[in-house]
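For reference, the structure is listed below as structure tokens.
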Amino acid sequence: MDAERAYLALADGTIFPGRPFGARGLATGEAVFTTTMTGYQEVLTDPSYAGQIVTMTAAEIGNVGVNTEDSESVDGRVHVAGFVVRDLSPIASNWRAQESLDAYLARHGKVGIEGVDTRKLTRHLRDHGAQNAAIGTDAPEVLVRRAREAPDMNGLDLVDMVSPREPYRWTEGRGAWQVPITASRAANAERAPVKEPVHHVVAIDYGIKKNILRCLVDAGCKVTAVPARMRADEILALKPDGVFLSNGPGDPAAVGYAIATVRELVGKVPIFGICLGHQFLASALGGKTYKLKFGHRGANQPVKDLTTGRIEITTQNHGFCVDLASLPSRAQPTHVHLNDGTSEGLQVPDLRAFSVQYHPEAAAGPHDSLYLFERFTQSMG
């Protein structure tokens, strides 16, 4: 009996055959790739990947299964539109594993495809650019049509899909997740001290990752997370010592309500933004954003701190970027990507506002970028 067939069809008509796993059905979205070698569960649950079909460039995926602790989404949902791998491990071998990747995606209703030549697919996306795609068991020509009918990422507001509807408090620190610096600290990781909350931070949740919230708590912040559509006056009524702008999915230029809110907050309280939050801060200051050819996604992205000359190895996940030439003179670039010279950070000292494009909480360095959370608390002091 022939194995069940599935196809990944790109909008340009290119077809990649494979085998289905996870949920059965149709998935459409923007096809992208990430070069991270580990952490596929974190990728699956990162709300910034909403609306995207994600290709893992690592050859074998699923080896360690999944568990309830490693989800990065506050709501526990899988946010990718679809998942593409070369080899799906038939065995989940890890003491923390509670479920196989196949069963996990099926339970969350997410379509996957294995057996794809991911090296060829990645080279195609790198050369021709990220583009819409479809995964399914239908005929290839049907899938190509569905890919072409899917909404374009340019002009797409996906924040409303992932932002919470009500405010919530967050009190958990990194604890056992904290990266040890020394062997003695590793032995006591579960008892790693958490600072008593000194500053009240309102985190605007555009699709925030759990570990960002944990890092804020560890830095001594009492954290109140609020929906993306909460108005500036409502946020200020919470009497924050600072405002954090989170990561999130989609085209920043399409989320006008978020930019307007940040514009009203700038100068009133210290502000720190990450990823989409960086783009919102730049836009609120008068800057512009544009779409990269295939984006930056992976845990090996080199970034230079222009103020110190130090190189940080960072985790990134974004398809849009701040246009450095469009920034007003008061906005000072602080970090650049060493691969292509694009914007990775800015600051406006007189407004006590700064942001970075990469993810300091993801610990790619692993300690290279955690200083940013301390910088935020110092700005509130």
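Within each chain, counting starts at residue 1; across the structure tokens, chains are named A, B, ... in the order shown, with ligands numbered 1 upward in that order.
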* All alpha helix (DSSP H) residues (DSSP, backbone) inside stretch 8-217 of chain A, as a PyMOL selection string -> chain A and resi 40-45+101-107+118-128+140-149+159-162+183-187+210-217
What does the file look like for those residues with N, CA and C atoms, as a compact mmCIF listing (two decimals), in the first residue's frame?
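Written file, again_17.txt:
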```txt
# COMPACT_ATOMS: atom_id res chain seq x y z
N TYR A 40 12.12 23.44 18.70
CA TYR A 40 10.99 23.48 17.77
C TYR A 40 9.66 23.74 18.47
N GLN A 41 9.53 23.33 19.74
CA GLN A 41 8.27 23.62 20.44
C GLN A 41 8.13 25.11 20.70
N GLU A 42 9.25 25.77 21.03
CA GLU A 42 9.22 27.22 21.21
C GLU A 42 8.85 27.92 19.91
N VAL A 43 9.35 27.42 18.79
CA VAL A 43 8.99 27.99 17.49
C VAL A 43 7.50 27.82 17.23
N LEU A 44 6.99 26.64 17.46
CA LEU A 44 5.58 26.35 17.19
C LEU A 44 4.64 27.25 18.00
N THR A 45 5.05 27.59 19.21
CA THR A 45 4.15 28.32 20.11
C THR A 45 4.45 29.81 20.20
N LEU A 101 5.60 14.87 18.73
CA LEU A 101 5.31 16.06 17.93
C LEU A 101 4.10 15.82 17.03
N ASP A 102 4.00 14.62 16.45
CA ASP A 102 2.87 14.28 15.58
C ASP A 102 1.55 14.42 16.34
N ALA A 103 1.47 13.82 17.52
CA ALA A 103 0.24 13.88 18.31
C ALA A 103 -0.06 15.29 18.77
N TYR A 104 0.99 16.03 19.10
CA TYR A 104 0.83 17.41 19.58
C TYR A 104 0.20 18.30 18.51
N LEU A 105 0.72 18.23 17.28
CA LEU A 105 0.15 19.04 16.20
C LEU A 105 -1.27 18.59 15.88
N ALA A 106 -1.51 17.29 15.92
CA ALA A 106 -2.86 16.80 15.64
C ALA A 106 -3.85 17.32 16.68
N ARG A 107 -3.43 17.32 17.94
CA ARG A 107 -4.31 17.79 19.01
C ARG A 107 -4.63 19.27 18.87
N THR A 118 14.06 20.06 2.59
CA THR A 118 14.06 21.38 3.22
C THR A 118 15.28 22.20 2.81
N ARG A 119 16.36 21.53 2.43
CA ARG A 119 17.53 22.28 1.94
C ARG A 119 17.18 22.99 0.63
N LYS A 120 16.53 22.27 -0.26
CA LYS A 120 16.12 22.86 -1.55
C LYS A 120 15.09 23.96 -1.32
N LEU A 121 14.13 23.71 -0.42
CA LEU A 121 13.09 24.69 -0.13
C LEU A 121 13.70 25.97 0.46
N THR A 122 14.63 25.81 1.40
CA THR A 122 15.26 26.98 2.02
C THR A 122 16.03 27.80 0.99
N ARG A 123 16.77 27.12 0.13
CA ARG A 123 17.51 27.83 -0.91
C ARG A 123 16.56 28.58 -1.84
N HIS A 124 15.41 27.97 -2.13
CA HIS A 124 14.42 28.60 -3.01
C HIS A 124 13.86 29.87 -2.35
N LEU A 125 13.52 29.79 -1.07
CA LEU A 125 12.97 30.95 -0.37
C LEU A 125 14.03 32.03 -0.21
N ARG A 126 15.27 31.62 0.02
CA ARG A 126 16.35 32.60 0.14
C ARG A 126 16.57 33.34 -1.19
N ASP A 127 16.49 32.60 -2.29
CA ASP A 127 16.77 33.19 -3.61
C ASP A 127 15.58 33.97 -4.16
N HIS A 128 14.37 33.46 -3.90
CA HIS A 128 13.18 34.06 -4.50
C HIS A 128 12.32 34.84 -3.50
N PRO A 140 -1.63 19.07 -6.51
CA PRO A 140 -0.72 20.21 -6.46
C PRO A 140 -1.29 21.49 -7.07
N GLU A 141 -1.99 21.37 -8.20
CA GLU A 141 -2.52 22.57 -8.84
C GLU A 141 -3.59 23.25 -7.98
N VAL A 142 -4.33 22.45 -7.20
CA VAL A 142 -5.32 23.02 -6.27
C VAL A 142 -4.62 23.78 -5.16
N LEU A 143 -3.53 23.20 -4.65
CA LEU A 143 -2.79 23.84 -3.57
C LEU A 143 -2.12 25.13 -4.03
N VAL A 144 -1.62 25.15 -5.27
CA VAL A 144 -1.03 26.38 -5.80
C VAL A 144 -2.08 27.48 -5.84
N ARG A 145 -3.28 27.13 -6.26
CA ARG A 145 -4.35 28.13 -6.31
C ARG A 145 -4.69 28.64 -4.92
N ARG A 146 -4.73 27.73 -3.94
CA ARG A 146 -5.05 28.15 -2.58
C ARG A 146 -3.94 29.04 -2.01
N ALA A 147 -2.70 28.76 -2.36
CA ALA A 147 -1.59 29.60 -1.91
C ALA A 147 -1.72 31.01 -2.48
N ARG A 148 -2.09 31.10 -3.74
CA ARG A 148 -2.22 32.41 -4.38
C ARG A 148 -3.41 33.19 -3.86
N GLU A 149 -4.40 32.49 -3.34
CA GLU A 149 -5.59 33.15 -2.80
C GLU A 149 -5.39 33.63 -1.36
N VAL A 159 -1.95 41.00 14.82
CA VAL A 159 -1.89 41.22 16.27
C VAL A 159 -3.23 40.91 16.92
N ASP A 160 -4.31 41.27 16.27
CA ASP A 160 -5.64 41.02 16.83
C ASP A 160 -5.91 39.53 17.04
N MET A 161 -5.22 38.66 16.27
CA MET A 161 -5.41 37.22 16.40
C MET A 161 -4.78 36.67 17.67
N VAL A 162 -3.73 37.32 18.16
CA VAL A 162 -2.94 36.73 19.25
C VAL A 162 -2.97 37.54 20.54
N ALA A 183 28.99 26.38 37.47
CA ALA A 183 28.55 25.04 37.84
C ALA A 183 27.79 25.05 39.16
N SER A 184 28.25 25.87 40.12
CA SER A 184 27.56 25.93 41.41
C SER A 184 26.18 26.51 41.26
N ARG A 185 26.05 27.50 40.35
CA ARG A 185 24.73 28.09 40.12
C ARG A 185 23.81 27.09 39.42
N ALA A 186 24.41 26.25 38.54
CA ALA A 186 23.61 25.24 37.85
C ALA A 186 23.00 24.27 38.86
N ALA A 187 23.77 23.93 39.90
CA ALA A 187 23.28 23.00 40.90
C ALA A 187 22.12 23.59 41.71
N LYS A 210 6.40 33.94 26.82
CA LYS A 210 6.45 33.75 28.27
C LYS A 210 7.79 34.17 28.86
N ASN A 211 8.88 33.85 28.17
CA ASN A 211 10.17 34.10 28.78
C ASN A 211 10.50 35.59 28.88
N ILE A 212 9.88 36.40 28.04
CA ILE A 212 10.02 37.85 28.21
C ILE A 212 9.39 38.28 29.52
N LEU A 213 8.20 37.77 29.79
CA LEU A 213 7.52 38.09 31.05
C LEU A 213 8.35 37.62 32.24
N ARG A 214 8.94 36.42 32.14
CA ARG A 214 9.77 35.91 33.23
C ARG A 214 10.99 36.82 33.46
N CYS A 215 11.61 37.27 32.37
CA CYS A 215 12.80 38.13 32.49
C CYS A 215 12.45 39.46 33.15
N LEU A 216 11.27 39.99 32.85
CA LEU A 216 10.84 41.23 33.49
C LEU A 216 10.65 41.02 34.99
N VAL A 217 10.07 39.89 35.36
CA VAL A 217 9.90 39.59 36.78
C VAL A 217 11.25 39.45 37.46
```
* **Polymer residues at most 9 Å from A:Leu236, only C-alpha atoms, same-chain spacing of 2 or more positions, as a ChimeraX atom specification** => /A:202,231-234,238-240,265,268-269
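Comparing the minimum interatomic distances between A:Ala59 and each of A:Gly155, A:Gly129, A:Gly341, A:Gly115, counting only C-alpha atoms, we find that A:Gly115 sits nearest.
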* Minimum-distance residue to A:Ala353, chosen among A:Gly76, A:Gly173, A:Pro252, A:Gly277 (using only C-alpha atoms) -> A:Gly277
* List the neighbours of A:Ala134 out to 9 Å using only C-alpha atoms; skip same-chain residues closer than 4 positions along the sequence, and give me the result as a PyMOL selection string. => chain A and resi 7-11+26-31+53+82+143-148+150
* State, in Å with one decimal place, the distance from atom CA of A:Arg375 to atom CA of A:Leu285. =>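 Spanning atom CA of A:Arg375 to atom CA of A:Leu285 is a straight-line distance of 20.6 Å.
Note that atom CA of A:Glu344 and atom CA of A:His359 are 10.2 Å apart.
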* So how far away is atom CA of A:Ala362 from atom CA of A:Asp117, in Å? ->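 Going from atom CA of A:Asp117 over to atom CA of A:Ala362, I get 27.9 Å.
With only C-alpha atoms as the atoms that count, the minimum distance from A:Ala6 to the choices A:Val348, A:Leu306, A:Met37, A:Val84 is reached by A:Val84.
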* Asked: Given the choices A:Ala133, A:Ser329, A:Glu166, A:Leu292, which gets closest to A:Thr14 if the distance is worked out from only C-alpha atoms?
  ->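 For A:Thr14, the nearest of the candidates is A:Ala133.
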What lies within 7 Å of A:Phe244 using only C-alpha atoms, ignoring chain neighbours under 4 positions off, as a PDB file with all heavy atoms, in the first residue's frame?
```pdb
ATOM      1  N   VAL A 201       5.446  47.539  35.743  1.00  0.00           N
ATOM      2  CA  VAL A 201       5.570  47.608  34.293  1.00  0.00           C
ATOM      3  C   VAL A 201       4.273  47.136  33.649  1.00  0.00           C
ATOM      4  O   VAL A 201       3.743  46.071  33.994  1.00  0.00           O
ATOM      5  CB  VAL A 201       6.747  46.741  33.798  1.00  0.00           C
ATOM      6  CG1 VAL A 201       6.704  46.580  32.276  1.00  0.00           C
ATOM      7  CG2 VAL A 201       8.063  47.359  34.215  1.00  0.00           C
ATOM      8  N   VAL A 202       3.772  47.934  32.730  1.00  0.00           N
ATOM      9  CA  VAL A 202       2.647  47.505  31.891  1.00  0.00           C
ATOM     10  C   VAL A 202       3.228  46.995  30.576  1.00  0.00           C
ATOM     11  O   VAL A 202       3.898  47.743  29.860  1.00  0.00           O
ATOM     12  CB  VAL A 202       1.652  48.653  31.633  1.00  0.00           C
ATOM     13  CG1 VAL A 202       0.638  48.236  30.571  1.00  0.00           C
ATOM     14  CG2 VAL A 202       0.942  49.027  32.923  1.00  0.00           C
ATOM     15  N   ALA A 203       3.019  45.713  30.314  1.00  0.00           N
ATOM     16  CA  ALA A 203       3.487  45.100  29.077  1.00  0.00           C
ATOM     17  C   ALA A 203       2.329  45.025  28.092  1.00  0.00           C
ATOM     18  O   ALA A 203       1.322  44.369  28.362  1.00  0.00           O
ATOM     19  CB  ALA A 203       4.030  43.699  29.358  1.00  0.00           C
ATOM     20  N   ILE A 204       2.453  45.721  26.970  1.00  0.00           N
ATOM     21  CA  ILE A 204       1.417  45.644  25.940  1.00  0.00           C
ATOM     22  C   ILE A 204       1.646  44.360  25.159  1.00  0.00           C
ATOM     23  O   ILE A 204       2.685  44.181  24.522  1.00  0.00           O
ATOM     24  CB  ILE A 204       1.438  46.874  25.017  1.00  0.00           C
ATOM     25  CG1 ILE A 204       1.381  48.160  25.835  1.00  0.00           C
ATOM     26  CG2 ILE A 204       0.260  46.805  24.044  1.00  0.00           C
ATOM     27  CD1 ILE A 204       1.385  49.428  24.990  1.00  0.00           C
ATOM     28  N   ILE A 271      10.170  53.517  28.109  1.00  0.00           N
ATOM     29  CA  ILE A 271       9.648  52.508  27.193  1.00  0.00           C
ATOM     30  C   ILE A 271      10.772  51.598  26.728  1.00  0.00           C
ATOM     31  O   ILE A 271      11.873  52.052  26.420  1.00  0.00           O
ATOM     32  CB  ILE A 271       8.962  53.163  25.984  1.00  0.00           C
ATOM     33  CG1 ILE A 271       7.640  53.818  26.404  1.00  0.00           C
ATOM     34  CG2 ILE A 271       8.714  52.151  24.864  1.00  0.00           C
ATOM     35  CD1 ILE A 271       6.929  54.547  25.285  1.00  0.00           C
ATOM     36  N   PHE A 272      10.484  50.300  26.678  1.00  0.00           N
ATOM     37  CA  PHE A 272      11.399  49.283  26.155  1.00  0.00           C
ATOM     38  C   PHE A 272      10.608  48.397  25.209  1.00  0.00           C
ATOM     39  O   PHE A 272       9.546  47.890  25.566  1.00  0.00           O
ATOM     40  CB  PHE A 272      11.986  48.468  27.315  1.00  0.00           C
ATOM     41  CG  PHE A 272      12.836  47.281  26.903  1.00  0.00           C
ATOM     42  CD1 PHE A 272      13.556  47.254  25.720  1.00  0.00           C
ATOM     43  CD2 PHE A 272      12.928  46.179  27.755  1.00  0.00           C
ATOM     44  CE1 PHE A 272      14.344  46.171  25.374  1.00  0.00           C
ATOM     45  CE2 PHE A 272      13.713  45.092  27.430  1.00  0.00           C
ATOM     46  CZ  PHE A 272      14.427  45.077  26.235  1.00  0.00           C
ATOM     47  N   GLY A 273      11.095  48.226  23.983  1.00  0.00           N
ATOM     48  CA  GLY A 273      10.407  47.403  23.001  1.00  0.00           C
ATOM     49  C   GLY A 273      11.293  46.301  22.459  1.00  0.00           C
ATOM     50  O   GLY A 273      12.510  46.447  22.353  1.00  0.00           O
TER      51      GLY A 273
END
```
